[in-house]
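*Asks:* For reference, this is upload.cif, and it has mmCIF, C-alpha atoms and all ligand atoms.
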data_query
loop_
_atom_site.group_PDB
_atom_site.id
_atom_site.type_symbol
_atom_site.label_atom_id
_atom_site.label_comp_id
_atom_site.auth_asym_id
_atom_site.auth_seq_id
_atom_site.Cartn_x
_atom_site.Cartn_y
_atom_site.Cartn_z
ATOM 1 C CA MET A 1 21.270 6.294 -0.595
ATOM 2 C CA THR A 2 20.863 6.186 3.193
ATOM 3 C CA GLN A 3 23.924 7.020 5.169
ATOM 4 C CA LEU A 4 24.692 4.317 7.745
ATOM 5 C CA LEU A 5 25.879 6.718 10.446
ATOM 6 C CA LYS A 6 23.569 9.641 9.827
ATOM 7 C CA GLY A 7 22.986 11.503 13.091
ATOM 8 C CA LYS A 8 25.666 9.542 14.980
ATOM 9 C CA LYS A 9 28.416 11.284 16.917
ATOM 10 C CA GLY A 10 31.737 9.928 18.068
ATOM 11 C CA ILE A 11 35.407 10.155 18.945
ATOM 12 C CA ILE A 12 38.117 8.721 16.694
ATOM 13 C CA PHE A 13 41.479 8.161 18.397
ATOM 14 C CA GLY A 14 44.733 7.528 16.556
ATOM 15 C CA ALA A 15 44.761 9.222 13.132
ATOM 16 C CA LEU A 16 48.418 10.143 12.630
ATOM 17 C CA ASP A 17 48.798 10.320 8.850
ATOM 18 C CA GLU A 18 47.006 9.136 5.720
ATOM 19 C CA GLN A 19 48.252 5.576 6.242
ATOM 20 C CA SER A 20 46.663 5.330 9.725
ATOM 21 C CA MET A 21 43.712 3.010 10.030
ATOM 22 C CA ALA A 22 41.927 5.651 12.106
ATOM 23 C CA TRP A 23 42.339 8.080 9.181
ATOM 24 C CA LYS A 24 40.511 5.729 6.809
ATOM 25 C CA VAL A 25 37.797 5.059 9.387
ATOM 26 C CA ALA A 26 37.312 8.815 9.846
ATOM 27 C CA GLU A 27 36.964 9.386 6.101
ATOM 28 C CA LYS A 28 34.434 6.569 5.787
ATOM 29 C CA ALA A 29 32.458 7.568 8.885
ATOM 30 C CA TYR A 30 32.229 11.115 7.526
ATOM 31 C CA GLU A 31 31.039 9.810 4.156
ATOM 32 C CA GLU A 32 28.368 7.815 6.028
ATOM 33 C CA GLY A 33 27.039 10.918 7.775
ATOM 34 C CA ALA A 34 28.761 10.803 11.190
ATOM 35 C CA THR A 35 30.120 13.798 13.067
ATOM 36 C CA PHE A 36 33.092 13.251 15.348
ATOM 37 C CA VAL A 37 36.031 14.621 17.277
ATOM 38 C CA LEU A 38 39.552 13.554 16.289
ATOM 39 C CA SER A 39 41.935 12.868 19.151
ATOM 40 C CA ASN A 40 45.587 11.933 19.366
ATOM 41 C CA ALA A 41 48.522 12.305 21.748
ATOM 42 C CA PRO A 42 49.788 15.910 22.008
ATOM 43 C CA ILE A 43 53.129 14.814 20.540
ATOM 44 C CA ALA A 44 51.416 13.435 17.425
ATOM 45 C CA MET A 45 49.868 16.855 16.748
ATOM 46 C CA ARG A 46 53.262 18.343 16.051
ATOM 47 C CA MET A 47 53.419 16.706 12.666
ATOM 48 C CA GLY A 48 50.296 18.681 11.736
ATOM 49 C CA GLU A 49 49.017 16.022 9.342
ATOM 50 C CA ILE A 50 45.804 15.583 11.313
ATOM 51 C CA ASN A 51 44.758 19.146 10.384
ATOM 52 C CA LYS A 52 44.144 17.976 6.807
ATOM 53 C CA LEU A 53 41.775 15.277 8.037
ATOM 54 C CA SER A 54 40.088 17.709 10.374
ATOM 55 C CA GLU A 55 39.340 20.069 7.480
ATOM 56 C CA LYS A 56 38.197 17.289 5.191
ATOM 57 C CA CYS A 57 35.801 15.802 7.757
ATOM 58 C CA ASN A 58 34.845 19.061 9.414
ATOM 59 C CA ALA A 59 35.953 17.494 12.711
ATOM 60 C CA PRO A 60 37.459 19.368 15.668
ATOM 61 C CA ILE A 61 40.765 18.064 17.060
ATOM 62 C CA ILE A 62 41.169 17.623 20.801
ATOM 63 C CA ALA A 63 44.569 16.412 22.006
ATOM 64 C CA ALA A 64 44.673 13.767 24.751
ATOM 65 C CA ASP A 65 47.341 11.392 25.939
ATOM 66 C CA ALA A 66 45.345 8.170 26.292
ATOM 67 C CA THR A 67 47.446 7.203 29.334
ATOM 68 C CA SER A 68 46.273 10.314 31.231
ATOM 69 C CA ASP A 69 42.952 10.159 33.093
ATOM 70 C CA GLU A 70 42.932 13.953 33.337
ATOM 71 C CA ASP A 71 43.413 14.406 29.566
ATOM 72 C CA LEU A 72 40.635 11.904 28.852
ATOM 73 C CA LYS A 73 38.245 13.599 31.241
ATOM 74 C CA VAL A 74 38.831 16.969 29.560
ATOM 75 C CA LEU A 75 38.503 15.351 26.120
ATOM 76 C CA PHE A 76 35.095 13.865 26.979
ATOM 77 C CA GLU A 77 33.903 17.104 28.593
ATOM 78 C CA LYS A 78 34.865 19.121 25.512
ATOM 79 C CA THR A 79 33.432 16.498 23.163
ATOM 80 C CA LEU A 80 30.057 16.444 24.914
ATOM 81 C CA GLU A 81 30.034 20.218 24.770
ATOM 82 C CA SER A 82 30.975 20.483 21.097
ATOM 83 C CA SER A 83 28.658 17.634 20.018
ATOM 84 C CA GLY A 84 25.779 19.056 22.018
ATOM 85 C CA GLY A 85 25.164 15.821 23.927
ATOM 86 C CA LYS A 86 26.222 12.208 24.332
ATOM 87 C CA ILE A 87 28.142 10.315 21.676
ATOM 88 C CA ASP A 88 27.348 7.040 19.872
ATOM 89 C CA PHE A 89 30.694 5.536 18.892
ATOM 90 C CA ILE A 90 34.396 5.453 19.727
ATOM 91 C CA LEU A 91 37.317 4.091 17.725
ATOM 92 C CA HIS A 92 40.385 3.173 19.812
ATOM 93 C CA SER A 93 43.227 2.913 17.284
ATOM 94 C CA ILE A 94 46.189 3.357 19.618
ATOM 95 C CA GLY A 95 49.323 1.278 19.901
ATOM 96 C CA MET A 96 53.002 1.759 20.697
ATOM 97 C CA SER A 97 55.789 -0.380 22.148
ATOM 98 C CA PRO A 98 59.106 1.189 23.162
ATOM 99 C CA ASN A 99 60.595 -2.340 23.164
ATOM 100 C CA VAL A 100 59.631 -2.754 19.489
ATOM 101 C CA ARG A 101 60.807 0.758 18.668
ATOM 102 C CA LYS A 102 64.183 0.094 20.248
ATOM 103 C CA ALA A 103 64.389 -3.414 18.736
ATOM 104 C CA ARG A 104 64.684 -5.209 22.098
ATOM 105 C CA PRO A 105 64.394 -8.976 21.562
ATOM 106 C CA TYR A 106 61.525 -10.685 23.439
ATOM 107 C CA THR A 107 64.060 -12.468 25.673
ATOM 108 C CA ASP A 108 65.663 -9.157 26.682
ATOM 109 C CA LEU A 109 62.734 -6.836 27.334
ATOM 110 C CA ASN A 110 63.079 -3.631 29.304
ATOM 111 C CA TYR A 111 60.313 -3.711 31.927
ATOM 112 C CA GLU A 112 59.835 0.037 32.102
ATOM 113 C CA TYR A 113 59.174 -0.086 28.387
ATOM 114 C CA PHE A 114 56.904 -3.111 28.878
ATOM 115 C CA HIS A 115 54.785 -1.107 31.334
ATOM 116 C CA LYS A 116 54.573 1.686 28.788
ATOM 117 C CA THR A 117 53.514 -0.737 26.042
ATOM 118 C CA LEU A 118 50.665 -2.069 28.180
ATOM 119 C CA ASP A 119 49.635 1.375 29.378
ATOM 120 C CA VAL A 120 49.515 2.945 25.908
ATOM 121 C CA SER A 121 48.229 -0.009 23.913
ATOM 122 C CA ALA A 122 45.814 -1.768 26.295
ATOM 123 C CA MET A 123 45.099 -0.037 29.596
ATOM 124 C CA SER A 124 44.216 3.071 27.584
ATOM 125 C CA LEU A 125 41.084 1.243 26.372
ATOM 126 C CA HIS A 126 40.052 0.689 29.982
ATOM 127 C CA ARG A 127 40.761 4.345 30.772
ATOM 128 C CA VAL A 128 38.674 5.518 27.800
ATOM 129 C CA LEU A 129 35.778 3.226 28.726
ATOM 130 C CA GLN A 130 35.930 4.036 32.432
ATOM 131 C CA THR A 131 35.961 7.773 31.735
ATOM 132 C CA ALA A 132 32.991 7.451 29.374
ATOM 133 C CA PHE A 133 31.150 5.162 31.811
ATOM 134 C CA LYS A 134 31.575 7.467 34.813
ATOM 135 C CA MET A 135 30.514 10.509 32.797
ATOM 136 C CA ASP A 136 27.680 8.568 31.146
ATOM 137 C CA ALA A 137 29.007 9.914 27.850
ATOM 138 C CA ILE A 138 27.752 7.208 25.455
ATOM 139 C CA ASN A 139 24.144 6.839 24.291
ATOM 140 C CA GLU A 140 22.277 3.545 24.780
ATOM 141 C CA TRP A 141 23.260 1.056 22.043
ATOM 142 C CA GLY A 142 26.481 2.962 21.391
ATOM 143 C CA SER A 143 29.450 1.090 19.974
ATOM 144 C CA VAL A 144 33.136 1.047 20.954
ATOM 145 C CA VAL A 145 35.711 -0.620 18.693
ATOM 146 C CA ALA A 146 39.416 -1.151 19.416
ATOM 147 C CA LEU A 147 41.934 -2.516 16.901
ATOM 148 C CA SER A 148 43.817 -5.701 17.679
ATOM 149 C CA TYR A 149 46.088 -8.267 16.039
ATOM 150 C CA ILE A 150 46.178 -12.083 16.044
ATOM 151 C CA ALA A 151 49.475 -12.055 17.984
ATOM 152 C CA GLY A 152 47.128 -11.863 20.999
ATOM 153 C CA GLN A 153 46.422 -15.594 20.412
ATOM 154 C CA ARG A 154 49.301 -16.956 18.287
ATOM 155 C CA VAL A 155 53.057 -16.502 18.287
ATOM 156 C CA PHE A 156 54.600 -13.942 15.954
ATOM 157 C CA PRO A 157 58.101 -13.694 17.442
ATOM 158 C CA TYR A 158 58.950 -10.142 16.307
ATOM 159 C CA TYR A 159 55.679 -8.670 17.578
ATOM 160 C CA SER A 160 57.367 -8.677 20.982
ATOM 161 C CA ASP A 161 55.451 -7.317 24.000
ATOM 162 C CA MET A 162 52.690 -6.002 21.743
ATOM 163 C CA ALA A 163 51.381 -9.589 21.831
ATOM 164 C CA GLU A 164 50.681 -9.249 25.564
ATOM 165 C CA ALA A 165 49.181 -5.807 24.975
ATOM 166 C CA LYS A 166 46.751 -7.190 22.393
ATOM 167 C CA ALA A 167 45.731 -10.107 24.655
ATOM 168 C CA MET A 168 45.000 -7.582 27.402
ATOM 169 C CA LEU A 169 43.195 -5.204 25.040
ATOM 170 C CA GLU A 170 40.848 -7.982 23.912
ATOM 171 C CA SER A 171 40.240 -9.006 27.525
ATOM 172 C CA VAL A 172 39.376 -5.423 28.519
ATOM 173 C CA ALA A 173 36.875 -5.259 25.637
ATOM 174 C CA ARG A 174 35.211 -8.469 26.850
ATOM 175 C CA SER A 175 35.139 -7.516 30.535
ATOM 176 C CA PHE A 176 34.040 -3.904 30.043
ATOM 177 C CA GLY A 177 31.643 -5.078 27.350
ATOM 178 C CA TYR A 178 29.804 -7.019 30.050
ATOM 179 C CA HIS A 179 29.544 -4.073 32.448
ATOM 180 C CA TYR A 180 28.705 -1.460 29.809
ATOM 181 C CA GLY A 181 26.256 -3.809 28.125
ATOM 182 C CA LYS A 182 24.408 -4.546 31.371
ATOM 183 C CA ALA A 183 24.290 -0.907 32.418
ATOM 184 C CA LYS A 184 23.601 0.896 29.136
ATOM 185 C CA ASN A 185 23.423 -1.594 26.251
ATOM 186 C CA VAL A 186 26.730 -0.197 25.002
ATOM 187 C CA ARG A 187 28.675 -2.629 22.800
ATOM 188 C CA VAL A 188 32.441 -3.143 23.066
ATOM 189 C CA ASN A 189 34.398 -5.181 20.504
ATOM 190 C CA THR A 190 37.897 -5.593 19.155
ATOM 191 C CA VAL A 191 38.645 -6.045 15.456
ATOM 192 C CA SER A 192 41.691 -8.189 14.714
ATOM 193 C CA GLN A 193 43.051 -6.742 11.498
ATOM 194 C CA SER A 194 45.420 -8.139 8.847
ATOM 195 C CA PRO A 195 48.942 -6.670 8.715
ATOM 196 C CA THR A 196 48.626 -3.202 7.166
ATOM 197 C CA PHE A 197 51.354 -0.744 6.132
ATOM 198 C CA THR A 198 51.110 2.117 8.662
ATOM 199 C CA THR A 199 53.601 3.879 10.973
ATOM 200 C CA ALA A 200 52.872 1.458 13.848
ATOM 201 C CA GLY A 201 52.711 -1.602 11.566
ATOM 202 C CA SER A 202 55.904 -0.975 9.635
ATOM 203 C CA GLY A 203 57.769 -0.453 12.933
ATOM 204 C CA VAL A 204 57.653 -4.216 13.558
ATOM 205 C CA PRO A 205 60.863 -5.912 12.300
ATOM 206 C CA GLY A 206 60.259 -8.124 9.260
ATOM 207 C CA PHE A 207 56.907 -6.449 8.582
ATOM 208 C CA GLN A 208 57.076 -7.074 4.832
ATOM 209 C CA GLU A 209 57.389 -10.831 5.566
ATOM 210 C CA PHE A 210 54.444 -10.688 8.030
ATOM 211 C CA PHE A 211 52.427 -8.983 5.362
ATOM 212 C CA ASP A 212 53.380 -11.314 2.485
ATOM 213 C CA TYR A 213 52.947 -14.476 4.555
ATOM 214 C CA ALA A 214 49.451 -13.512 5.739
ATOM 215 C CA ASP A 215 48.507 -12.378 2.251
ATOM 216 C CA SER A 216 49.511 -15.738 0.710
ATOM 217 C CA MET A 217 47.968 -17.790 3.536
ATOM 218 C CA SER A 218 44.540 -16.109 3.506
ATOM 219 C CA PRO A 219 42.059 -17.259 0.866
ATOM 220 C CA LEU A 220 40.844 -13.672 0.413
ATOM 221 C CA GLY A 221 44.285 -12.089 0.855
ATOM 222 C CA ASN A 222 44.952 -9.392 3.460
ATOM 223 C CA ALA A 223 42.188 -6.995 4.441
ATOM 224 C CA SER A 224 43.169 -3.412 3.566
ATOM 225 C CA ALA A 225 42.701 -0.322 5.733
ATOM 226 C CA ASP A 226 39.788 0.686 3.478
ATOM 227 C CA ASP A 227 38.126 -2.697 4.079
ATOM 228 C CA LEU A 228 38.645 -2.152 7.800
ATOM 229 C CA ALA A 229 37.017 1.282 7.595
ATOM 230 C CA ASN A 230 33.904 -0.265 6.036
ATOM 231 C CA PHE A 231 33.771 -2.926 8.739
ATOM 232 C CA CYS A 232 34.153 -0.408 11.573
ATOM 233 C CA VAL A 233 31.376 1.748 10.127
ATOM 234 C CA CYS A 234 29.187 -1.338 10.056
ATOM 235 C CA LEU A 235 30.035 -2.060 13.715
ATOM 236 C CA PHE A 236 29.233 1.528 14.723
ATOM 237 C CA SER A 237 25.900 1.295 12.905
ATOM 238 C CA ASP A 238 22.609 -0.151 14.148
ATOM 239 C CA TYR A 239 23.107 -3.148 11.840
ATOM 240 C CA ALA A 240 25.526 -4.635 14.390
ATOM 241 C CA ARG A 241 23.302 -3.906 17.353
ATOM 242 C CA MET A 242 23.618 -7.296 19.054
ATOM 243 C CA VAL A 243 27.362 -7.807 18.559
ATOM 244 C CA THR A 244 29.365 -7.262 21.717
ATOM 245 C CA MET A 245 32.310 -8.635 23.759
ATOM 246 C CA GLN A 246 33.779 -10.174 20.600
ATOM 247 C CA ASN A 247 37.187 -10.258 19.032
ATOM 248 C CA LEU A 248 36.216 -10.155 15.345
ATOM 249 C CA TYR A 249 38.795 -11.355 12.845
ATOM 250 C CA HIS A 250 38.986 -9.088 9.831
ATOM 251 C CA ASP A 251 41.763 -10.906 8.053
ATOM 252 C CA GLY A 252 40.615 -12.528 4.796
ATOM 253 C CA GLY A 253 40.350 -15.900 6.572
ATOM 254 C CA PHE A 254 43.926 -16.048 7.922
ATOM 255 C CA SER A 255 42.932 -16.953 11.498
ATOM 256 C CA SER A 256 41.117 -20.135 10.390
ATOM 257 C CA MET A 257 43.881 -21.469 8.156
ATOM 258 C CA GLY A 258 46.095 -24.431 9.062
ATOM 259 C CA ILE A 259 47.950 -24.927 5.843
ATOM 260 C CA ASN A 260 47.521 -23.334 2.462
ATOM 261 C CA VAL A 261 48.705 -26.013 0.073
ATOM 262 C CA GLY A 262 49.125 -23.427 -2.674
ATOM 263 C CA MET A 263 52.011 -21.906 -0.692
ATOM 264 C CA ILE A 264 54.135 -25.053 -0.883
ATOM 265 C CA LEU A 265 52.751 -26.653 -4.047
ATOM 266 C CA PRO A 266 52.012 -23.663 -6.281
ATOM 267 C CA GLU A 267 50.193 -25.825 -8.873
ATOM 268 C CA LYS A 268 47.418 -26.767 -6.326
HETATM 269 N N1 LIG B 301 49.245 -1.845 11.047
HETATM 270 C C1 LIG B 301 48.986 -3.099 11.331
HETATM 271 O O1 LIG B 301 49.486 -4.029 10.691
HETATM 272 C C2 LIG B 301 47.985 -3.420 12.408
HETATM 273 C C3 LIG B 301 47.357 -4.679 12.411
HETATM 274 C C4 LIG B 301 46.429 -4.966 13.417
HETATM 275 C C5 LIG B 301 46.167 -4.008 14.392
HETATM 276 N N2 LIG B 301 46.811 -2.788 14.365
HETATM 277 C C6 LIG B 301 46.496 -1.809 15.420
HETATM 278 O O2 LIG B 301 45.816 -0.710 14.850
HETATM 279 C C7 LIG B 301 45.963 0.410 15.734
HETATM 280 C C8 LIG B 301 46.335 1.640 14.927
HETATM 281 O O3 LIG B 301 47.615 1.516 14.380
HETATM 282 P P1 LIG B 301 48.017 1.906 12.890
HETATM 283 O O4 LIG B 301 48.573 0.665 12.259
HETATM 284 O O5 LIG B 301 46.938 2.641 12.221
HETATM 285 O O6 LIG B 301 49.303 2.841 13.112
HETATM 286 P P2 LIG B 301 49.463 4.405 13.475
HETATM 287 O O7 LIG B 301 50.885 4.549 13.881
HETATM 288 O O8 LIG B 301 48.997 5.228 12.343
HETATM 289 O O9 LIG B 301 48.488 4.620 14.725
HETATM 290 C C9 LIG B 301 48.877 4.445 16.075
HETATM 291 C C10 LIG B 301 48.363 5.664 16.813
HETATM 292 O O10 LIG B 301 48.533 5.562 18.232
HETATM 293 C C11 LIG B 301 48.728 6.900 18.687
HETATM 294 N N3 LIG B 301 49.259 6.931 20.044
HETATM 295 C C12 LIG B 301 50.457 6.440 20.492
HETATM 296 N N4 LIG B 301 50.601 6.714 21.794
HETATM 297 C C13 LIG B 301 49.481 7.392 22.198
HETATM 298 C C14 LIG B 301 49.038 7.941 23.429
HETATM 299 N N5 LIG B 301 49.788 7.864 24.538
HETATM 300 N N6 LIG B 301 47.823 8.553 23.465
HETATM 301 C C15 LIG B 301 47.051 8.648 22.356
HETATM 302 N N7 LIG B 301 47.417 8.140 21.153
HETATM 303 C C16 LIG B 301 48.621 7.532 21.075
HETATM 304 C C17 LIG B 301 49.725 7.434 17.655
HETATM 305 O O11 LIG B 301 49.906 8.834 17.717
HETATM 306 C C18 LIG B 301 49.089 6.957 16.369
HETATM 307 O O12 LIG B 301 48.160 7.886 15.875
HETATM 308 C C19 LIG B 301 46.994 -0.007 16.779
HETATM 309 O O13 LIG B 301 46.322 -0.462 17.948
HETATM 310 C C20 LIG B 301 47.689 -1.170 16.095
HETATM 311 O O14 LIG B 301 48.310 -2.058 17.003
HETATM 312 C C21 LIG B 301 47.695 -2.483 13.384
#
Re-express the file's structure as structure tokens.
*Replies:*
Amino acid sequence: MTQLLKGKKGIIFGALDEQSMAWKVAEKAYEEGATFVLSNAPIAMRMGEINKLSEKCNAPIIAADATSDEDLKVLFEKTLESSGGKIDFILHSIGMSPNVRKARPYTDLNYEYFHKTLDVSAMSLHRVLQTAFKMDAINEWGSVVALSYIAGQRVFPYYSDMAEAKAMLESVARSFGYHYGKAKNVRVNTVSQSPTFTTAGSGVPGFQEFFDYADSMSPLGNASADDLANFCVCLFSDYARMVTMQNLYHDGGFSSMGINVGMILPEK
């Protein structure tokens, strides 16, 4: 069988442990013939979990704090060197809110934390794209995917300032998608994923309820991390060549639902 990503090279940001969505994407991309560098914040390396993935996928690890322009520049330089040329895809799977971590209610946010949330979870996409753009690090028709959540459009009260981060992330993908598309035919999209049990996901208060509600509301149920990995591989591949500047819902239909009668009248 042909491998969808045979000959393609990339960078996958954000694999922390086996639950991470980036972890599943890495496994699938490897299976489909891609070669890539794994990157995460230096602090995340301390847990050492990523080494297992690195061995499994034969992928070097290069640490970079995605809020540091200097770290990103070095990461791209080393990646271009180790891959022997430009890359074809990037997965941005990075998110963190100190306000969520410290359980600050939305009406009592700490603004230093808010800055950090936006920097880590949204501006980092701009930094990654700008670094790649200036270094001309992505091949023509390359593909960049960042992971988002529907709280960028609708209210999920406990998602806190991550809602603003996701709205900004999606906007960066659209705006940079224009510039990168015009200049180099590089595609930039966000994928808005169902609630998924991961370190970042489970940090949101009431996550089990988020998960169960979305699962019951969606005609197909929640999309799993493995489903997401398949979709990302498809977006990295040449089969999604003309898709850019989109926020693509990967949520079993949740985003189009108004009411699911079965939830209130189980016999229907
Ligand atoms: N889990 C969900 O329910 C869900 C749903 C939709 C979207 N998402 C998004 O998916 C993405 C991945 O999250 P996940 O659920 O796999 O959880 P995760 O905790 O496994 O991944 C988050 C990653 O961000 C990395 N990170 C944090 N700060 C960083 C920094 N300064 N520089 C570089 N990396 C940094 C972490 O080390 C970690 O690897 C996030 O953007 C998240 O918001 C998650």
*Asks:* Using all atoms listed in the file, find each residue of stretch 105-158 of chain A with at least one atom at most 9 Å away from an atom of stretch 70-94 of chain A; report its shortest atom-to-atom pair and that distance in Å (one decimal), sort the rows by chain and rising residue number, and return the result as JSON lines.
*Replies:*
{"residue": "A:Val120", "atom": "CA", "partner": "A:Ile94", "partner_atom": "CA", "distance": 7.1}
{"residue": "A:Ser121", "atom": "CA", "partner": "A:Ile94", "partner_atom": "CA", "distance": 5.8}
{"residue": "A:Ala122", "atom": "CA", "partner": "A:Ile94", "partner_atom": "CA", "distance": 8.4}
{"residue": "A:Ser124", "atom": "CA", "partner": "A:Ile94", "partner_atom": "CA", "distance": 8.2}
{"residue": "A:Leu125", "atom": "CA", "partner": "A:His92", "partner_atom": "CA", "distance": 6.9}
{"residue": "A:Arg127", "atom": "CA", "partner": "A:Leu72", "partner_atom": "CA", "distance": 7.8}
{"residue": "A:Val128", "atom": "CA", "partner": "A:Leu72", "partner_atom": "CA", "distance": 6.8}
{"residue": "A:Thr131", "atom": "CA", "partner": "A:Lys73", "partner_atom": "CA", "distance": 6.3}
{"residue": "A:Ala132", "atom": "CA", "partner": "A:Phe76", "partner_atom": "CA", "distance": 7.2}
{"residue": "A:Met135", "atom": "CA", "partner": "A:Phe76", "partner_atom": "CA", "distance": 8.1}
{"residue": "A:Asp136", "atom": "CA", "partner": "A:Lys86", "partner_atom": "CA", "distance": 7.9}
{"residue": "A:Ala137", "atom": "CA", "partner": "A:Lys86", "partner_atom": "CA", "distance": 5.0}
{"residue": "A:Ile138", "atom": "CA", "partner": "A:Ile87", "partner_atom": "CA", "distance": 4.9}
{"residue": "A:Asn139", "atom": "CA", "partner": "A:Asp88", "partner_atom": "CA", "distance": 5.5}
{"residue": "A:Glu140", "atom": "CA", "partner": "A:Asp88", "partner_atom": "CA", "distance": 7.9}
{"residue": "A:Trp141", "atom": "CA", "partner": "A:Asp88", "partner_atom": "CA", "distance": 7.6}
{"residue": "A:Gly142", "atom": "CA", "partner": "A:Asp88", "partner_atom": "CA", "distance": 4.4}
{"residue": "A:Ser143", "atom": "CA", "partner": "A:Phe89", "partner_atom": "CA", "distance": 4.7}
{"residue": "A:Val144", "atom": "CA", "partner": "A:Ile90", "partner_atom": "CA", "distance": 4.7}
{"residue": "A:Val145", "atom": "CA", "partner": "A:Leu91", "partner_atom": "CA", "distance": 5.1}
{"residue": "A:Ala146", "atom": "CA", "partner": "A:His92", "partner_atom": "CA", "distance": 4.4}
{"residue": "A:Leu147", "atom": "CA", "partner": "A:Ser93", "partner_atom": "CA", "distance": 5.6}
{"residue": "A:Ser148", "atom": "CA", "partner": "A:Ser93", "partner_atom": "CA", "distance": 8.6}
*Asks:* Would you mind exporting the chosen residues as an mmCIF file, keeping the file's coordinate frame, restricted to C-alpha atoms?
*Replies:*
data_model
loop_
_atom_site.group_PDB
_atom_site.id
_atom_site.type_symbol
_atom_site.label_atom_id
_atom_site.label_comp_id
_atom_site.auth_asym_id
_atom_site.auth_seq_id
_atom_site.Cartn_x
_atom_site.Cartn_y
_atom_site.Cartn_z
ATOM 1 C CA VAL A 120 49.515 2.945 25.908
ATOM 2 C CA SER A 121 48.229 -0.009 23.913
ATOM 3 C CA ALA A 122 45.814 -1.768 26.295
ATOM 4 C CA SER A 124 44.216 3.071 27.584
ATOM 5 C CA LEU A 125 41.084 1.243 26.372
ATOM 6 C CA ARG A 127 40.761 4.345 30.772
ATOM 7 C CA VAL A 128 38.674 5.518 27.800
ATOM 8 C CA THR A 131 35.961 7.773 31.735
ATOM 9 C CA ALA A 132 32.991 7.451 29.374
ATOM 10 C CA MET A 135 30.514 10.509 32.797
ATOM 11 C CA ASP A 136 27.680 8.568 31.146
ATOM 12 C CA ALA A 137 29.007 9.914 27.850
ATOM 13 C CA ILE A 138 27.752 7.208 25.455
ATOM 14 C CA ASN A 139 24.144 6.839 24.291
ATOM 15 C CA GLU A 140 22.277 3.545 24.780
ATOM 16 C CA TRP A 141 23.260 1.056 22.043
ATOM 17 C CA GLY A 142 26.481 2.962 21.391
ATOM 18 C CA SER A 143 29.450 1.090 19.974
ATOM 19 C CA VAL A 144 33.136 1.047 20.954
ATOM 20 C CA VAL A 145 35.711 -0.620 18.693
ATOM 21 C CA ALA A 146 39.416 -1.151 19.416
ATOM 22 C CA LEU A 147 41.934 -2.516 16.901
ATOM 23 C CA SER A 148 43.817 -5.701 17.679
#
*Asks:* Could the residues that lie within 8 Å of ligand LIG 301 (chain B), counting all atoms listed in the file, be listed as JSON, numbers by chain?
*Replies:* {"A": [13, 14, 15, 16, 17, 18, 19, 20, 21, 22, 23, 39, 40, 41, 42, 43, 44, 64, 65, 66, 67, 68, 92, 93, 94, 95, 96, 120, 121, 124, 146, 147, 148, 149, 150, 162, 166, 191, 192, 193, 194, 195, 196, 197, 198, 199, 200, 201, 202, 211]}
*Asks:* How far is it from atom CA of A:Lys184 to atom CA of A:Ile11, in Å with one decimal?
*Replies:*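 Straight-line distance from atom CA of A:Lys184 to atom CA of A:Ile11 works out to 18.1 Å.
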*Asks:* For A:Leu220, please output as a PDB file with C-alpha atoms, in the coordinates of the input all residues within 12 Å (counting only C-alpha atoms; exclusion window: fewer than 4 positions along the same chain).
*Replies:*
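File produced: out_20.pdb:
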ATOM      1  CA  SER A 194      45.420  -8.139   8.847  1.00  0.00           C
ATOM      2  CA  ALA A 214      49.451 -13.512   5.739  1.00  0.00           C
ATOM      3  CA  ASP A 215      48.507 -12.378   2.251  1.00  0.00           C
ATOM      4  CA  SER A 216      49.511 -15.738   0.710  1.00  0.00           C
ATOM      5  CA  SER A 224      43.169  -3.412   3.566  1.00  0.00           C
ATOM      6  CA  ASP A 227      38.126  -2.697   4.079  1.00  0.00           C
ATOM      7  CA  HIS A 250      38.986  -9.088   9.831  1.00  0.00           C
ATOM      8  CA  ASP A 251      41.763 -10.906   8.053  1.00  0.00           C
ATOM      9  CA  GLY A 252      40.615 -12.528   4.796  1.00  0.00           C
ATOM     10  CA  GLY A 253      40.350 -15.900   6.572  1.00  0.00           C
ATOM     11  CA  PHE A 254      43.926 -16.048   7.922  1.00  0.00           C
ATOM     12  CA  SER A 255      42.932 -16.953  11.498  1.00  0.00           C
ATOM     13  CA  SER A 256      41.117 -20.135  10.390  1.00  0.00           C
ATOM     14  CA  MET A 257      43.881 -21.469   8.156  1.00  0.00           C
ATOM     15  CA  ASN A 260      47.521 -23.334   2.462  1.00  0.00           C
TER      16      ASN A 260
END
*Asks:* Nearest to A:Leu5: which of A:Asn247, A:Ser175, A:Asn230, A:Ser54 is it, counting all atoms listed in the file?
*Replies:* A:Asn230
*Asks:* Please measure the separation of atom CA of A:Asp238 and atom CA of A:Glu27, giving the value in Å to one decimal.
*Replies:* 19.0 Å
*Asks:* Report the distance between atom CA of A:Asn110 and atom CA of A:Pro98 in Å, rounded to one decimal place.
*Replies:*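 Here the two named atoms are 8.8 Å from each other.
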*Asks:* So, with all atoms listed in the file as the atoms that count, which of A:Ala240, A:Ile12, A:Ala225, A:Val25 lies closest to A:Ala63?
*Replies:* A:Ile12
*Asks:* Measuring atom to atom with only C-alpha atoms, identify which of A:Ala183, A:Ile259, A:Val155, A:Ala173 is nearest to A:Gln246.
*Replies:* A:Ala173
*Asks:* Can you tell me, as JSON, numbers by chain, what residues are no more than 8 Å from A:Ser160 when counting all atoms listed in the file, ignoring any on the same chain fewer than 4 positions away?
*Replies:* {"A": [99, 100, 105, 106, 156]}
*Asks:* Determine the residue membership of the PyMOL selection byres (((chain A and resi 187) around 6) and not hetatm) for the file above and supply it as number ranges by chain.
*Replies:* A: 143, 177, 181, 186, 188, 244
*Asks:* Using only C-alpha atoms, which of the listed residues (A:Ala167, A:Leu109, A:Met263, A:Met245) sits closest to A:Arg154?
*Replies:*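 Counting only C-alpha atoms, the residue closest to A:Arg154 is A:Ala167.
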